[in-house]
$ cat start-v4.cif   # mmCIF, C-alpha atoms
data_run
loop_
_atom_site.label_atom_id
_atom_site.label_comp_id
_atom_site.auth_asym_id
_atom_site.auth_seq_id
_atom_site.Cartn_x
_atom_site.Cartn_y
_atom_site.Cartn_z
CA MET A 819 -15.68 -12.39 14.38
CA ASN A 820 -19.04 -11.90 16.05
CA GLN A 821 -20.85 -8.57 16.25
CA GLU A 822 -20.12 -7.93 19.95
CA ARG A 823 -16.37 -8.46 19.52
CA LEU A 824 -16.32 -6.20 16.48
CA GLN A 825 -18.10 -3.45 18.41
CA PHE A 826 -15.66 -3.85 21.30
CA TRP A 827 -12.62 -3.55 19.04
CA SER A 828 -14.09 -0.54 17.23
CA LEU A 829 -14.67 1.27 20.51
CA TYR A 830 -11.30 0.19 21.89
CA LEU A 831 -9.40 1.43 18.83
CA SER A 832 -11.28 4.73 18.71
CA ARG A 833 -10.58 5.29 22.41
CA PHE A 834 -6.92 4.42 21.89
CA ALA A 835 -6.69 6.86 18.96
CA THR A 836 -8.27 9.59 21.08
CA GLY A 837 -5.85 9.02 23.94
CA PHE A 838 -2.88 8.81 21.59
CA GLY A 839 -3.86 12.01 19.83
CA TYR A 840 -4.44 13.84 23.09
CA SER A 841 -1.08 12.79 24.49
CA THR A 842 0.66 13.70 21.24
CA LEU A 843 -0.82 17.19 21.26
CA ALA A 844 -0.16 17.59 24.98
CA LEU A 845 3.52 16.90 24.27
CA LEU A 846 3.73 19.04 21.14
CA ILE A 847 2.01 22.19 22.42
CA PRO A 848 4.86 23.10 24.82
CA PHE A 849 7.35 22.40 22.03
CA TYR A 850 5.58 24.82 19.68
CA ILE A 851 5.28 27.40 22.44
CA GLU A 852 9.05 27.25 22.92
CA VAL A 853 9.88 27.21 19.19
CA LEU A 854 7.62 30.19 18.50
CA ASN A 855 9.01 32.08 21.51
CA ALA A 856 5.48 32.68 22.72
CA SER A 857 4.93 34.69 25.87
CA ASP A 858 3.32 33.09 28.91
CA PHE A 859 0.02 34.66 27.91
CA MET A 860 0.21 33.26 24.37
CA GLY A 861 1.16 29.83 25.76
CA GLY A 862 -1.95 29.95 27.91
CA LEU A 863 -3.99 30.82 24.83
CA PHE A 864 -2.58 27.78 22.98
CA ILE A 865 -3.61 25.45 25.78
CA THR A 866 -6.96 27.19 26.35
CA GLY A 867 -7.77 26.95 22.65
CA PHE A 868 -6.97 23.25 22.64
CA THR A 869 -9.16 22.63 25.70
CA LEU A 870 -12.04 24.74 24.39
CA ALA A 871 -11.94 23.02 21.01
CA GLN A 872 -12.27 19.63 22.69
CA THR A 873 -15.08 20.87 24.93
CA ILE A 874 -17.06 22.45 22.10
CA VAL A 875 -16.78 19.40 19.85
CA VAL A 876 -18.01 16.77 22.33
CA ILE A 877 -21.69 17.77 22.46
CA PRO A 878 -22.34 18.03 18.69
CA LEU A 879 -20.54 14.73 18.08
CA ALA A 880 -22.56 12.99 20.78
CA TRP A 881 -25.75 14.43 19.29
CA ALA A 882 -24.73 13.33 15.77
CA GLY A 883 -23.99 9.84 17.06
CA ASP A 884 -27.41 9.62 18.69
CA ARG A 885 -29.32 11.02 15.72
CA SER A 886 -27.61 9.37 12.75
CA ASP A 887 -25.50 6.39 11.80
CA LYS A 888 -22.88 5.87 14.53
CA LYS A 889 -20.50 4.10 12.16
CA LYS A 890 -20.39 7.06 9.78
CA VAL A 891 -19.86 9.49 12.66
CA LEU A 892 -17.07 7.32 14.10
CA LEU A 893 -15.29 6.97 10.76
CA GLY A 894 -15.69 10.68 10.00
CA VAL A 895 -14.30 11.72 13.37
CA LEU A 896 -11.40 9.30 13.12
CA SER A 897 -10.56 10.55 9.62
CA VAL A 898 -10.62 14.20 10.66
CA SER A 899 -8.58 13.40 13.78
CA VAL A 900 -5.89 11.62 11.81
CA LEU A 901 -5.67 14.51 9.35
CA ALA A 902 -5.52 17.07 12.16
CA TYR A 903 -2.78 15.23 14.05
CA VAL A 904 -0.69 14.74 10.92
CA ALA A 905 -1.11 18.40 9.97
CA PHE A 906 -0.29 19.54 13.51
CA ALA A 907 2.90 17.44 13.55
CA ASN A 908 4.03 18.91 10.20
CA VAL A 909 3.62 22.58 11.15
CA GLN A 910 6.99 24.31 11.30
#
$ encode --input "start-v4.cif" --output "structure tokens"
Amino acid sequence: MNQERLQFWSLYLSRFATGFGYSTLALLIPFYIEVLNASDFMGGLFITGFTLAQTIVVIPLAWAGDRSDKKKVLLGVLSVSVLAYVAFANVQ
């Protein structure tokens, strides 16, 4: 497999994982709000926290990707994402 195809597949899979994780959390947040009998205000805080966490993380990750080894940043982010999604799905 040549270098350009490998880069394409790496970016494609990381983008797929991001979209899959986002959709999974978008579906699970209302479920947890209902299970925890959260008020409307607390439900808003769940969703606001999720959105703020994504917003705050983007800039440092982009900076780290520009300043250091992109492969290490990509693998680190994917590893942390997988752990976070698995942990989030197992919370009861």
$ resolve_selection --input "start-v4.cif" --expression "the PyMOL selection byres ((chain A and resi 861-877) around 12)" --output "PyMOL selection string"
chain A and resi 836+839-840+843-860+878-884+895+899+906
$ atom_distance --input "start-v4.cif" --atom1 "atom CA of Ser828 of chain A" --atom2 "atom CA of Leu896 of chain A"
11.0 Å
$ closest_residue --input "start-v4.cif" --among "A:Gln825, A:Asn820, A:Ser832, A:Thr842" --to "Tyr903 of chain A" --atoms "all atoms listed in the file"
A:Thr842
$ atom_distance --input "start-v4.cif" --atom1 "atom CA of Phe834 of chain A" --atom2 "atom CA of Lys889 of chain A"
16.7 Å
$ atom_distance --input "start-v4.cif" --atom1 "atom CA of Ala905 of chain A" --atom2 "atom CA of Lys890 of chain A"
22.4 Å
$ decode --input "start-v4.cif" --residues "segment 870-893 of chain A" --atoms "N, CA and C atoms" --output "short mmCIF file (atom, residue, chain, number, x, y, z; two decimals), in the first residue's frame"
data_model
loop_
_atom_site.label_atom_id
_atom_site.label_comp_id
_atom_site.auth_asym_id
_atom_site.auth_seq_id
_atom_site.Cartn_x
_atom_site.Cartn_y
_atom_site.Cartn_z
N LEU A 870 -19.15 21.82 25.22
CA LEU A 870 -17.98 22.59 25.66
C LEU A 870 -16.71 21.74 25.66
N ALA A 871 -16.84 20.50 26.09
CA ALA A 871 -15.67 19.62 26.10
C ALA A 871 -15.12 19.43 24.69
N GLN A 872 -16.00 19.26 23.73
CA GLN A 872 -15.54 19.12 22.34
C GLN A 872 -14.90 20.41 21.85
N THR A 873 -15.49 21.54 22.19
CA THR A 873 -14.97 22.83 21.73
C THR A 873 -13.61 23.12 22.34
N ILE A 874 -13.44 22.84 23.61
CA ILE A 874 -12.19 23.14 24.30
C ILE A 874 -11.06 22.24 23.83
N VAL A 875 -11.36 21.03 23.44
CA VAL A 875 -10.33 20.06 23.06
C VAL A 875 -9.78 20.30 21.66
N VAL A 876 -10.56 20.88 20.77
CA VAL A 876 -10.16 20.99 19.36
C VAL A 876 -8.88 21.81 19.19
N ILE A 877 -8.79 22.96 19.80
CA ILE A 877 -7.64 23.85 19.59
C ILE A 877 -6.34 23.24 20.11
N PRO A 878 -6.28 22.72 21.35
CA PRO A 878 -5.01 22.11 21.78
C PRO A 878 -4.60 20.90 20.95
N LEU A 879 -5.56 20.11 20.48
CA LEU A 879 -5.21 18.96 19.65
C LEU A 879 -4.69 19.40 18.29
N ALA A 880 -5.28 20.43 17.72
CA ALA A 880 -4.78 20.95 16.44
C ALA A 880 -3.37 21.50 16.62
N TRP A 881 -3.14 22.21 17.72
CA TRP A 881 -1.81 22.75 18.00
C TRP A 881 -0.80 21.62 18.18
N ALA A 882 -1.18 20.58 18.93
CA ALA A 882 -0.28 19.44 19.15
C ALA A 882 0.03 18.74 17.84
N GLY A 883 -0.95 18.62 16.97
CA GLY A 883 -0.72 17.99 15.68
C GLY A 883 0.21 18.79 14.80
N ASP A 884 0.14 20.12 14.91
CA ASP A 884 1.03 20.98 14.12
C ASP A 884 2.45 21.01 14.68
N ARG A 885 2.58 20.92 15.99
CA ARG A 885 3.89 21.07 16.63
C ARG A 885 4.67 19.77 16.81
N SER A 886 3.99 18.66 16.87
CA SER A 886 4.70 17.40 17.14
C SER A 886 4.31 16.35 16.10
N ASP A 887 4.60 15.12 16.42
CA ASP A 887 4.36 14.01 15.50
C ASP A 887 2.86 13.75 15.37
N LYS A 888 2.32 13.94 14.18
CA LYS A 888 0.88 13.78 13.95
C LYS A 888 0.41 12.35 14.20
N LYS A 889 1.26 11.38 13.90
CA LYS A 889 0.86 9.98 14.12
C LYS A 889 0.65 9.70 15.60
N LYS A 890 1.56 10.21 16.44
CA LYS A 890 1.42 9.98 17.88
C LYS A 890 0.17 10.68 18.42
N VAL A 891 -0.08 11.89 17.94
CA VAL A 891 -1.28 12.62 18.39
C VAL A 891 -2.53 11.87 17.96
N LEU A 892 -2.57 11.41 16.71
CA LEU A 892 -3.72 10.67 16.21
C LEU A 892 -3.97 9.40 17.01
N LEU A 893 -2.92 8.63 17.24
CA LEU A 893 -3.08 7.38 18.00
C LEU A 893 -3.47 7.65 19.45
#
